[in-house]
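Chemist: Take a look at entry.txt, compact mmCIF, C-alpha atoms and all ligand atoms:
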# COMPACT_ATOMS: atom_id res chain seq x y z
CA MET A 1 0.00 0.00 0.00
CA LYS A 2 1.50 3.34 -1.10
CA VAL A 3 -0.51 6.14 0.36
CA SER A 4 -0.84 9.68 -0.90
CA TYR A 5 -3.02 12.68 -0.07
CA PRO A 6 -3.37 16.25 -1.37
CA HIS A 7 -1.22 19.16 -0.26
CA MET A 8 -2.57 21.79 2.07
CA GLY A 9 -0.08 24.12 3.73
CA TYR A 10 1.96 22.39 6.43
CA LEU A 11 -0.54 19.54 6.88
CA ASN A 12 2.00 17.14 5.32
CA ILE A 13 4.35 17.52 8.31
CA PRO A 14 2.15 15.89 11.01
CA VAL A 15 0.47 13.51 8.56
CA ASN A 16 3.78 12.17 7.23
CA ASN A 17 5.11 11.85 10.78
CA MET A 18 1.97 9.94 11.78
CA PHE A 19 2.13 7.54 8.82
CA ASN A 20 5.87 6.98 9.25
CA ASN A 21 5.44 6.27 12.98
CA LEU A 22 2.82 3.64 12.15
CA GLY A 23 4.87 2.11 9.33
CA ILE A 24 2.60 3.21 6.48
CA GLU A 25 4.46 3.94 3.25
CA VAL A 26 3.77 7.46 1.97
CA ILE A 27 4.30 8.75 -1.54
CA GLU A 28 4.81 12.46 -0.97
CA THR A 29 2.75 14.64 -3.26
CA PRO A 30 5.16 17.00 -5.04
CA PRO A 31 4.76 20.65 -4.00
CA ILE A 32 2.03 22.48 -5.93
CA THR A 33 3.29 24.17 -9.09
CA LYS A 34 1.78 25.69 -12.20
CA LYS A 35 1.95 22.21 -13.73
CA THR A 36 -0.17 20.75 -10.88
CA ILE A 37 -2.85 23.37 -11.46
CA GLU A 38 -2.82 22.93 -15.25
CA LEU A 39 -2.97 19.15 -14.95
CA GLY A 40 -5.80 19.29 -12.40
CA SER A 41 -7.77 21.84 -14.41
CA PHE A 42 -7.47 19.71 -17.54
CA TYR A 43 -9.05 16.69 -15.85
CA SER A 44 -11.72 18.59 -13.89
CA PRO A 45 -15.17 19.90 -14.77
CA GLU A 46 -14.64 23.51 -15.83
CA GLY A 47 -16.96 25.14 -13.28
CA VAL A 48 -15.78 23.22 -10.24
CA CYS A 49 -13.96 25.10 -7.47
CA LEU A 50 -10.17 25.53 -7.48
CA PRO A 51 -9.39 23.26 -4.49
CA TYR A 52 -10.98 20.35 -6.38
CA LYS A 53 -8.77 21.02 -9.40
CA ILE A 54 -5.59 21.26 -7.35
CA ASN A 55 -6.46 18.12 -5.36
CA ILE A 56 -6.88 16.13 -8.54
CA GLY A 57 -3.61 17.60 -9.89
CA ASN A 58 -1.91 16.43 -6.68
CA PHE A 59 -3.35 12.95 -7.06
CA LEU A 60 -2.29 12.66 -10.70
CA GLU A 61 1.28 13.62 -9.77
CA SER A 62 1.33 11.13 -6.88
CA ILE A 63 -0.01 8.36 -9.12
CA GLU A 64 2.88 9.05 -11.52
CA ARG A 65 5.20 8.50 -8.53
CA GLY A 66 3.64 5.15 -7.71
CA ALA A 67 0.82 5.92 -5.24
CA ASP A 68 -1.96 3.33 -5.24
CA THR A 69 -4.02 4.43 -2.22
CA LEU A 70 -5.49 7.90 -2.20
CA ILE A 71 -6.90 9.69 0.81
CA ASN A 72 -9.20 12.62 0.54
CA VAL A 73 -11.60 14.41 2.82
CA CYS A 74 -15.30 14.66 2.31
CA GLY A 75 -18.04 16.27 4.33
CA ALA A 76 -21.77 16.46 4.33
CA GLY A 77 -21.73 20.26 4.52
CA LYS A 78 -23.70 22.32 2.05
CA CYS A 79 -20.90 22.77 -0.46
CA ARG A 80 -19.05 20.96 -3.22
CA LEU A 81 -16.58 19.32 -0.84
CA GLY A 82 -19.34 16.76 -0.31
CA PHE A 83 -18.94 15.36 -3.81
CA TYR A 84 -15.16 15.79 -4.39
CA ASN A 85 -14.39 12.19 -3.53
CA ALA A 86 -17.08 10.62 -5.71
CA VAL A 87 -16.23 12.65 -8.83
CA GLN A 88 -12.47 12.36 -8.39
CA LYS A 89 -12.81 8.61 -8.01
CA ILE A 90 -14.61 8.33 -11.36
CA GLU A 91 -11.86 10.32 -13.09
CA LEU A 92 -8.85 8.72 -11.41
CA GLU A 93 -10.02 5.10 -11.65
CA LYS A 94 -9.65 5.38 -15.42
CA ARG A 95 -5.87 5.33 -14.93
CA LYS A 96 -5.14 2.34 -12.74
CA ASN A 97 -6.47 0.19 -9.98
CA LEU A 98 -6.62 2.49 -6.99
CA THR A 99 -7.93 2.28 -3.47
CA PHE A 100 -9.72 5.33 -2.10
CA TYR A 101 -10.26 6.33 1.51
CA ASN A 102 -12.44 9.22 2.53
CA ILE A 103 -11.92 11.00 5.79
CA ASP A 104 -15.30 12.38 6.79
CA THR A 105 -14.87 15.87 8.24
CA ASN A 106 -18.09 15.44 10.21
CA ASN A 107 -16.62 12.42 12.00
CA LEU A 108 -12.97 13.23 11.79
CA PHE A 109 -11.60 11.12 14.62
CA ARG A 110 -13.68 8.03 13.95
CA SER A 111 -13.01 8.19 10.24
CA LEU A 112 -9.24 8.58 10.59
CA TYR A 113 -9.07 5.93 13.30
CA SER A 114 -10.94 3.38 11.13
CA PHE A 115 -8.62 4.04 8.20
CA LEU A 116 -5.52 3.52 10.34
CA ARG A 117 -6.92 0.39 12.03
CA GLU A 118 -7.62 -1.12 8.64
CA SER A 119 -4.21 -0.12 7.24
CA VAL A 120 -2.09 -1.32 10.17
CA PRO A 121 -4.13 -4.00 11.97
CA HIS A 122 -1.02 -5.26 13.82
CA VAL A 123 -0.55 -1.88 15.58
CA SER A 124 -2.30 -1.49 18.94
CA ARG A 125 -5.33 0.77 19.33
CA LEU A 126 -3.46 2.81 21.91
CA GLU A 127 -0.56 3.41 19.53
CA ILE A 128 -3.00 4.58 16.83
CA VAL A 129 -4.79 6.98 19.18
CA LYS A 130 -1.41 8.28 20.36
CA SER A 131 -0.28 8.87 16.75
CA ILE A 132 -3.48 10.82 15.98
CA ALA A 133 -3.04 12.88 19.15
CA MET A 134 0.57 13.63 18.19
CA ALA A 135 -0.50 14.76 14.74
CA VAL A 136 -3.09 17.12 16.24
CA GLN A 137 -0.52 18.40 18.75
CA THR A 138 1.97 19.06 15.94
CA LEU A 139 -0.65 20.95 13.95
CA LYS A 140 -1.52 23.08 16.96
CA ALA A 141 2.17 23.79 17.53
CA LEU A 142 2.64 24.75 13.88
CA ASP A 143 -0.36 27.07 14.15
CA ALA A 144 1.17 28.75 17.21
CA VAL A 145 4.47 29.37 15.40
CA SER A 146 2.62 30.67 12.35
CA SER A 147 0.52 33.04 14.51
CA ALA A 148 3.65 34.34 16.22
CA LYS A 149 5.22 35.02 12.81
CA ASN A 150 2.10 36.91 11.68
CA LEU A 151 1.97 38.89 14.92
CA TYR A 152 5.61 39.96 15.18
CA GLY A 153 6.87 39.83 11.57
CA ALA A 154 5.39 43.18 10.56
CA ARG A 155 7.08 45.02 13.44
CA LEU A 156 10.57 44.58 12.01
CA ASP A 157 12.43 46.53 9.32
CA ASN A 158 13.65 43.15 8.16
CA PRO A 159 10.69 40.72 8.49
CA GLU A 160 12.75 38.08 6.67
CA GLU A 161 14.46 37.42 10.00
CA ILE A 162 11.22 36.09 11.51
CA ILE A 163 10.13 34.36 8.30
CA LYS A 164 13.45 32.45 8.38
CA ILE A 165 12.88 31.31 11.98
CA TYR A 166 9.43 30.10 10.94
CA SER A 167 10.76 28.19 7.91
CA SER A 168 13.46 26.56 9.96
CA ALA A 169 10.85 25.54 12.61
CA LEU A 170 8.83 23.81 9.88
CA LYS A 171 11.88 21.65 9.11
CA ASP A 172 12.42 20.91 12.81
CA PHE A 173 8.84 19.66 13.20
CA THR A 174 9.48 16.99 10.56
CA GLU A 175 11.99 15.43 13.00
CA CYS A 176 9.62 15.35 16.02
CA ARG A 177 8.96 11.84 17.30
CA SER A 178 7.38 12.50 20.70
CA PHE A 179 5.10 14.98 22.52
CA ASN A 180 8.21 16.35 24.23
CA ASP A 181 9.92 17.00 20.88
CA ILE A 182 6.82 18.83 19.63
CA ASN A 183 6.48 21.03 22.71
CA LYS A 184 10.20 21.82 22.77
CA THR A 185 10.30 22.76 19.07
CA LYS A 186 7.25 24.97 19.47
CA LYS A 187 8.56 26.68 22.61
CA GLU A 188 11.96 27.40 21.06
CA ALA A 189 10.53 28.80 17.83
CA VAL A 190 7.84 30.97 19.49
CA GLU A 191 10.29 32.32 22.08
CA LEU A 192 12.83 33.18 19.40
CA ILE A 193 10.20 34.96 17.28
CA GLU A 194 8.97 36.90 20.34
CA LYS A 195 12.51 37.84 21.34
CA VAL A 196 13.31 39.21 17.89
CA GLY A 197 9.86 40.82 17.44
CA LYS A 198 9.82 42.56 20.82
CA GLN A 199 13.00 44.45 19.97
CA SER A 200 10.81 46.81 17.96
CA LYS A 201 8.21 49.11 19.50
CA ARG A 202 6.44 49.64 16.16
CA LYS A 203 2.64 49.21 16.18
CA PRO A 204 1.69 48.01 12.71
CA ALA A 205 -1.76 48.26 11.14
CA ARG A 206 -3.80 45.08 11.64
CA ILE A 207 -5.69 43.11 9.03
CA GLY A 208 -8.08 40.19 9.52
CA LEU A 209 -7.54 37.47 6.92
CA ILE A 210 -10.76 35.54 6.33
CA GLY A 211 -12.22 33.23 3.71
CA GLU A 212 -12.25 29.70 2.43
CA PHE A 213 -10.30 27.08 4.39
CA TYR A 214 -8.13 25.59 1.64
CA ILE A 215 -7.19 28.86 -0.03
CA LEU A 216 -6.22 30.42 3.30
CA LEU A 217 -4.06 27.47 4.25
CA GLU A 218 -2.17 26.80 1.03
CA PRO A 219 0.45 29.54 0.46
CA TYR A 220 1.13 28.64 -3.18
CA VAL A 221 -2.52 29.11 -4.03
CA ASN A 222 -3.08 32.27 -1.98
CA HIS A 223 0.03 33.83 -3.54
CA MET A 224 1.86 33.82 -0.18
CA ILE A 225 -0.52 36.49 1.07
CA GLU A 226 0.58 36.33 4.72
CA GLU A 227 4.23 36.94 3.90
CA VAL A 228 3.39 39.64 1.36
CA LEU A 229 1.42 41.52 4.05
CA ILE A 230 4.08 41.06 6.70
CA LYS A 231 6.69 42.43 4.31
CA GLN A 232 4.37 45.39 3.72
CA GLY A 233 4.44 46.07 7.48
CA ILE A 234 0.93 44.77 8.14
CA GLU A 235 0.10 42.50 11.07
CA VAL A 236 -2.07 39.57 10.02
CA LYS A 237 -4.65 37.73 12.07
CA LYS A 238 -5.83 34.59 10.36
CA PHE A 239 -9.02 32.84 11.45
CA VAL A 240 -8.51 29.45 9.92
CA TYR A 241 -5.99 27.05 11.39
CA THR A 242 -5.82 23.31 10.80
CA GLY A 243 -4.70 22.50 14.35
CA ASP A 244 -7.58 24.35 16.00
CA TRP A 245 -9.99 22.82 13.55
CA ALA A 246 -8.67 19.28 14.02
CA TYR A 247 -8.55 19.64 17.83
CA SER A 248 -12.09 21.02 18.01
CA ASN A 249 -13.48 18.45 15.59
CA THR A 250 -11.74 15.41 17.08
CA LEU A 251 -11.37 15.66 20.83
CA LEU A 252 -13.75 18.47 21.79
CA SER A 253 -16.62 17.56 19.50
CA SER A 254 -16.42 13.84 20.37
CA LEU A 255 -16.79 14.87 24.04
CA GLY A 256 -19.75 17.07 23.10
CA LEU A 257 -17.83 20.20 24.13
CA TYR A 258 -17.76 21.94 20.78
CA ASN A 259 -20.17 22.68 17.98
CA GLU A 260 -18.51 24.68 15.21
CA GLU A 261 -21.78 25.67 13.55
CA LYS A 262 -23.29 27.06 16.75
CA GLU A 263 -20.07 28.86 17.65
CA TYR A 264 -20.00 30.83 14.41
CA LEU A 265 -23.75 31.30 14.22
CA ASP A 266 -23.55 33.21 17.50
CA GLN A 267 -20.58 35.23 16.28
CA ALA A 268 -22.02 36.14 12.87
CA LYS A 269 -25.41 37.47 14.06
CA PRO A 270 -27.07 39.74 12.98
CA TYR A 271 -25.27 39.77 9.61
CA MET A 272 -25.77 36.09 8.87
CA ASN A 273 -28.31 33.92 10.62
CA TYR A 274 -27.93 30.59 8.83
CA HIS A 275 -25.20 28.13 7.99
CA VAL A 276 -24.53 28.57 4.28
CA GLY A 277 -22.02 25.75 3.82
CA GLY A 278 -18.22 25.73 3.74
CA ASP A 279 -16.71 28.56 5.76
CA GLY A 280 -19.24 31.27 4.87
CA LEU A 281 -20.57 31.67 8.38
CA LYS A 282 -17.10 31.65 9.86
CA SER A 283 -15.95 34.38 7.44
CA VAL A 284 -18.77 36.67 8.56
CA GLY A 285 -18.29 35.86 12.25
CA SER A 286 -14.55 36.51 12.03
CA ALA A 287 -15.05 39.77 10.13
CA LEU A 288 -17.48 40.98 12.78
CA TRP A 289 -14.97 40.10 15.48
CA CYS A 290 -12.32 42.18 13.64
CA ALA A 291 -14.72 45.11 13.28
CA ARG A 292 -15.55 45.06 17.00
CA ASN A 293 -11.87 44.82 17.90
CA ASN A 294 -10.79 47.86 15.91
CA PHE A 295 -8.90 46.15 13.14
CA ASP A 296 -7.78 48.38 10.27
CA GLY A 297 -9.10 46.24 7.43
CA ILE A 298 -10.28 42.85 6.23
CA ILE A 299 -9.06 40.73 3.35
CA HIS A 300 -11.51 38.11 2.16
CA VAL A 301 -9.91 35.37 0.03
CA TYR A 302 -11.91 32.65 -1.69
CA PRO A 303 -11.96 30.45 -4.79
CA PHE A 304 -13.86 31.83 -7.77
CA GLY A 305 -17.40 30.42 -7.73
CA CYS A 306 -17.27 29.23 -4.12
CA MET A 307 -20.95 29.44 -3.21
CA PRO A 308 -20.60 29.81 0.60
CA GLU A 309 -18.10 32.66 0.27
CA VAL A 310 -20.16 34.41 -2.41
CA VAL A 311 -23.13 34.35 -0.02
CA ALA A 312 -20.88 35.59 2.80
CA GLN A 313 -19.79 38.50 0.61
CA TYR A 314 -23.26 40.07 0.74
CA ALA A 315 -23.24 39.99 4.52
CA LEU A 316 -19.66 41.32 4.56
CA LYS A 317 -20.66 44.31 2.44
CA ASN A 318 -23.33 45.30 4.97
CA LEU A 319 -20.96 44.72 7.85
CA VAL A 320 -18.09 46.84 6.49
CA ASN A 321 -20.54 49.64 5.61
CA ASP A 322 -21.85 49.71 9.18
CA TYR A 323 -18.38 49.67 10.72
CA ASN A 324 -16.66 51.76 8.03
CA MET A 325 -14.03 49.06 7.53
CA PRO A 326 -11.92 48.73 4.39
CA LEU A 327 -12.50 45.36 2.70
CA LEU A 328 -10.50 43.72 -0.08
CA SER A 329 -12.15 40.72 -1.77
CA LEU A 330 -9.84 38.41 -3.68
CA SER A 331 -11.46 35.75 -5.80
CA ILE A 332 -8.83 33.26 -6.96
CA ASP A 333 -8.91 30.72 -9.76
CA GLU A 334 -6.44 28.91 -11.98
CA HIS A 335 -6.12 32.01 -14.20
CA SER A 336 -5.24 34.43 -11.39
CA SER A 337 -1.89 36.05 -12.08
CA ASP A 338 0.70 36.62 -9.40
CA VAL A 339 1.22 40.21 -10.52
CA GLY A 340 -2.50 41.03 -10.49
CA ILE A 341 -3.05 39.67 -6.98
CA MET A 342 0.17 41.21 -5.66
CA THR A 343 -0.70 44.67 -7.01
CA ARG A 344 -4.11 44.59 -5.34
CA ILE A 345 -2.70 43.45 -1.99
CA GLU A 346 0.06 46.06 -2.05
CA ALA A 347 -2.36 48.85 -3.02
CA PHE A 348 -4.73 47.83 -0.21
CA ALA A 349 -1.85 47.67 2.28
CA ASP A 350 -0.76 51.19 1.24
CA CYS A 351 -4.28 52.57 1.76
CA ILE A 352 -4.52 50.95 5.20
CA LYS A 353 -1.12 52.29 6.26
CA ARG A 354 -1.95 55.81 5.04
CA LYS A 355 -5.29 55.74 6.88
CA ASN A 356 -3.50 54.56 10.00
CA SER A 357 -0.70 57.17 9.95
S1 LIG A 401 -15.93 25.91 0.51
FE1 LIG A 401 -16.10 26.64 -1.58
S2 LIG A 401 -14.16 26.21 -2.57
FE2 LIG A 401 -14.22 25.03 -0.68
S3 LIG A 401 -15.01 23.06 -1.33
FE3 LIG A 401 -16.79 24.25 -0.69
S4 LIG A 401 -17.53 25.24 -2.59
FE4 LIG A 401 -15.46 24.49 -3.00
In structure tokens, what does this structure look like?
Modeler:
Amino acid sequence: MKVSYPHMGYLNIPVNNMFNNLGIEVIETPPITKKTIELGSFYSPEGVCLPYKINIGNFLESIERGADTLINVCGAGKCRLGFYNAVQKIELEKRKNLTFYNIDTNNLFRSLYSFLRESVPHVSRLEIVKSIAMAVQTLKALDAVSSAKNLYGARLDNPEEIIKIYSSALKDFTECRSFNDINKTKKEAVELIEKVGKQSKRKPARIGLIGEFYILLEPYVNHMIEEVLIKQGIEVKKFVYTGDWAYSNTLLSSLGLYNEEKEYLDQAKPYMNYHVGGDGLKSVGSALWCARNNFDGIIHVYPFGCMPEVVAQYALKNLVNDYNMPLLSLSIDEHSSDVGIMTRIEAFADCIKRKNS
């Protein structure tokens, strides 16, 4: 069994560690490039959302490298993620005999646990649960380092210094084999970022980065938006993190202590009163939080044609009018050019800084 799964930000670090610990052979999906997007777009229905196209591009590249077992996520939410797996299966099965596993986002822990039990029946249940817990812990640690980079990076004249610490921490996490390793790596990286960042007394303008999960988490696809903003001297607060999401939807929700939909429904009122699928509700709830906490602007990033985010956009327009907040909406698809996106981000950052000075 040679397992592969699509790229999404730093998700590959804990997932590879988990599979390696359990003795599952992984065929690493090559990093996303223009070729991945072209390949995926060629074999996808034209109107489908960008994450679908990139996922299928990832799978095609992994199949070329020998993968025979593909893992994808699916969910019963009101968006196209619910049918990704079924449609991709029809397309990919034309190539070779493949095994597909779907991790159900509505039953994340149970779904992942069943897959691992089936793949490595000789490994004890305790060892499997421990491996899942370590993966979640690593994701949470990566999120903490990423948040520290976004918080302190913009304060420096040379933000590259903090970006380098972050990149080197990502490498260190690939070597973590125990909870102690994870905590130590996180502590060292966050402390170093804080130490460097606190040398400056600058108070940068703050932007809330909201939008669709996949686009926010995959730097190649969002045109490295976080680093572009940091280099522009803008502090970034992101509202989507894989670790938080995985922790809430595995441990907390299985104990009945967390209900994502209710959480964001409360936060998004009165601008949105219903779950509209995907991350639409969360986008509105997060934007409202930014508005109430005196942020200087909001950037809303989403794939072209993403229904939940298009619905959220109407609520966002009302919200930013009421709070007089600058809003930049970036709709991204396979034709988006780096220069076009970059120019819009830089122009927005300039306006925010001027307003703030
Ligand atoms: S949230 Fe939007 S982009 Fe993401 S899977 Fe659903 S429809 Fe597609």
Chemist: So that I can check the surroundings of range 303-317 of chain A, please list as a VMD selection string every protein, DNA and RNA residue that reaches within 6 Å of it, counting all atoms listed in the file and ignoring chain neighbours fewer than 5 positions away.
Modeler: chain A and resid 50 271 276 to 278 280 331 to 333
Chemist: Give the centre and edge lengths of an axis-aligned box, in Å to one decimal, that holds all listed atoms of range 30-44 of chain A with 8 Å on each side, as lines of an AutoDock Vina configuration file.
Modeler:
center_x = -3.3
center_y = 21.2
center_z = -10.8
size_x = 32.9
size_y = 25.0
size_z = 29.5
Chemist: Need the shell around range 84-89 of chain A: protein/DNA/RNA residues with any atom at most 8 Å away, counting only C-alpha atoms. Skip same-chain ones fewer than 4 positions apart. Format as a list in words?
Modeler: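 Counting only C-alpha atoms, the residues come to Tyr52, Ile56, Asn72, Val73, Cys74, Arg80, Glu93, Phe100 and Asn102 of chain A.
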Chemist: I'd like the contact shell of Leu22 in chain A - 8 Å cut-off, only C-alpha atoms, skipping same-chain residues fewer than 5 positions apart - returned as an MDAnalysis selection string.
Modeler: chainID A and resid 120 123 128 131
Chemist: Would you output that residue set with C-alpha atoms, as a tab-separated table (two decimals), in the frame of the given file?
Modeler:
chain	number	residue	atom	x	y	z
A	120	VAL	CA	-2.09	-1.32	10.17
A	123	VAL	CA	-0.55	-1.88	15.58
A	128	ILE	CA	-3.00	4.58	16.83
A	131	SER	CA	-0.28	8.87	16.75
Chemist: Which polymer residues have any atom within 12 Å of an atom of Ser119 in chain A, counting all atoms listed in the file, with same-chain residues fewer than 2 positions away left out, as JSON, numbers by chain?
Modeler: {"A": [1, 2, 3, 19, 22, 23, 24, 25, 69, 99, 101, 112, 113, 114, 115, 116, 117, 121, 122, 123, 124, 128]}
Chemist: I'd like to know which of A:Phe173, A:Phe83, A:Phe179, A:Phe239 is closest to ligand LIG 401 (chain A), using all atoms listed in the file.
Modeler: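 Among A:Phe173, A:Phe83, A:Phe179, A:Phe239, it is A:Phe83 that comes nearest to ligand LIG 401 (chain A).
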Chemist: Which residue out of A:Ala154, A:Ala169, A:Ile345, A:Leu281 has the minimum interatomic distance to His223 in chain A when all atoms listed in the file are used?
Modeler: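 Between A:Ala154, A:Ala169, A:Ile345, A:Leu281, the residue approaching His223 in chain A most closely is A:Ile345.
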Chemist: Out of A:Asp157, A:Glu226, A:Glu346, A:Glu64, which residue has the shortest atom-to-atom distance to Ile210 in chain A when counting all atoms listed in the file?
Modeler: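 Selected residue with least distance to Ile210 in chain A: A:Glu226.
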Chemist: Report, in Å with one decimal, the straight-line distance from CA of Cys79 in chain A to CA of Pro31 in chain A.
Modeler: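 These two atoms are separated by 26.0 Å.
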Chemist: My list of candidates is A:Ile32, A:Leu170, A:Ile162, A:Val301. Which is closest to ligand LIG 401 (chain A) when distances are computed with only C-alpha atoms and all ligand atoms?
Modeler: A:Val301
Chemist: Please compute the CA of Leu151 in chain A-CA of Glu235 in chain A distance, one decimal, in Å.
Modeler: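 So the two atoms, CA of Leu151 in chain A and CA of Glu235 in chain A, lie 5.6 Å apart.
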Chemist: At a cut-off of 8 Å, using all atoms listed in the file, what residues contact Ile163 in chain A? Leave out same-chain residues fewer than 5 positions from it and give the result as a list in words.
Modeler: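 Neighbouring residues, sequence-local ones excluded: Lys149, Gly153 and Glu227 of chain A.
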Chemist: Please indicate the distance in Å from CA of Ser62 in chain A to CA of Pro30 in chain A, rounded to one decimal place.
Modeler: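 That distance, rounded to one decimal, is 7.2 Å.
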Chemist: Using only C-alpha atoms and all ligand atoms, can you tell me which of A:Pro326, A:Ser168, A:Ala347, A:Thr105 comes closest to ligand LIG 401 (chain A)?
Modeler: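 Counting only C-alpha atoms and all ligand atoms, the residue closest to ligand LIG 401 (chain A) is A:Thr105.
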Chemist: Which polymer residues, protein or nucleic acid, are no farther than 8 Å from (-10.3, 16.1, 12.4), counting only C-alpha atoms, as a list in words?
Modeler: Thr105, Asn107, Leu108, Phe109, Leu112, Trp245, Ala246, Tyr247, Ser248, Asn249 and Thr250 of chain A
Chemist: Which residue out of A:Asp143, A:Glu38, A:Asp296, A:Glu188 has the minimum interatomic distance to Tyr10 in chain A when all atoms listed in the file are used?
Modeler: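 Closest residue, counting all atoms listed in the file: A:Asp143.
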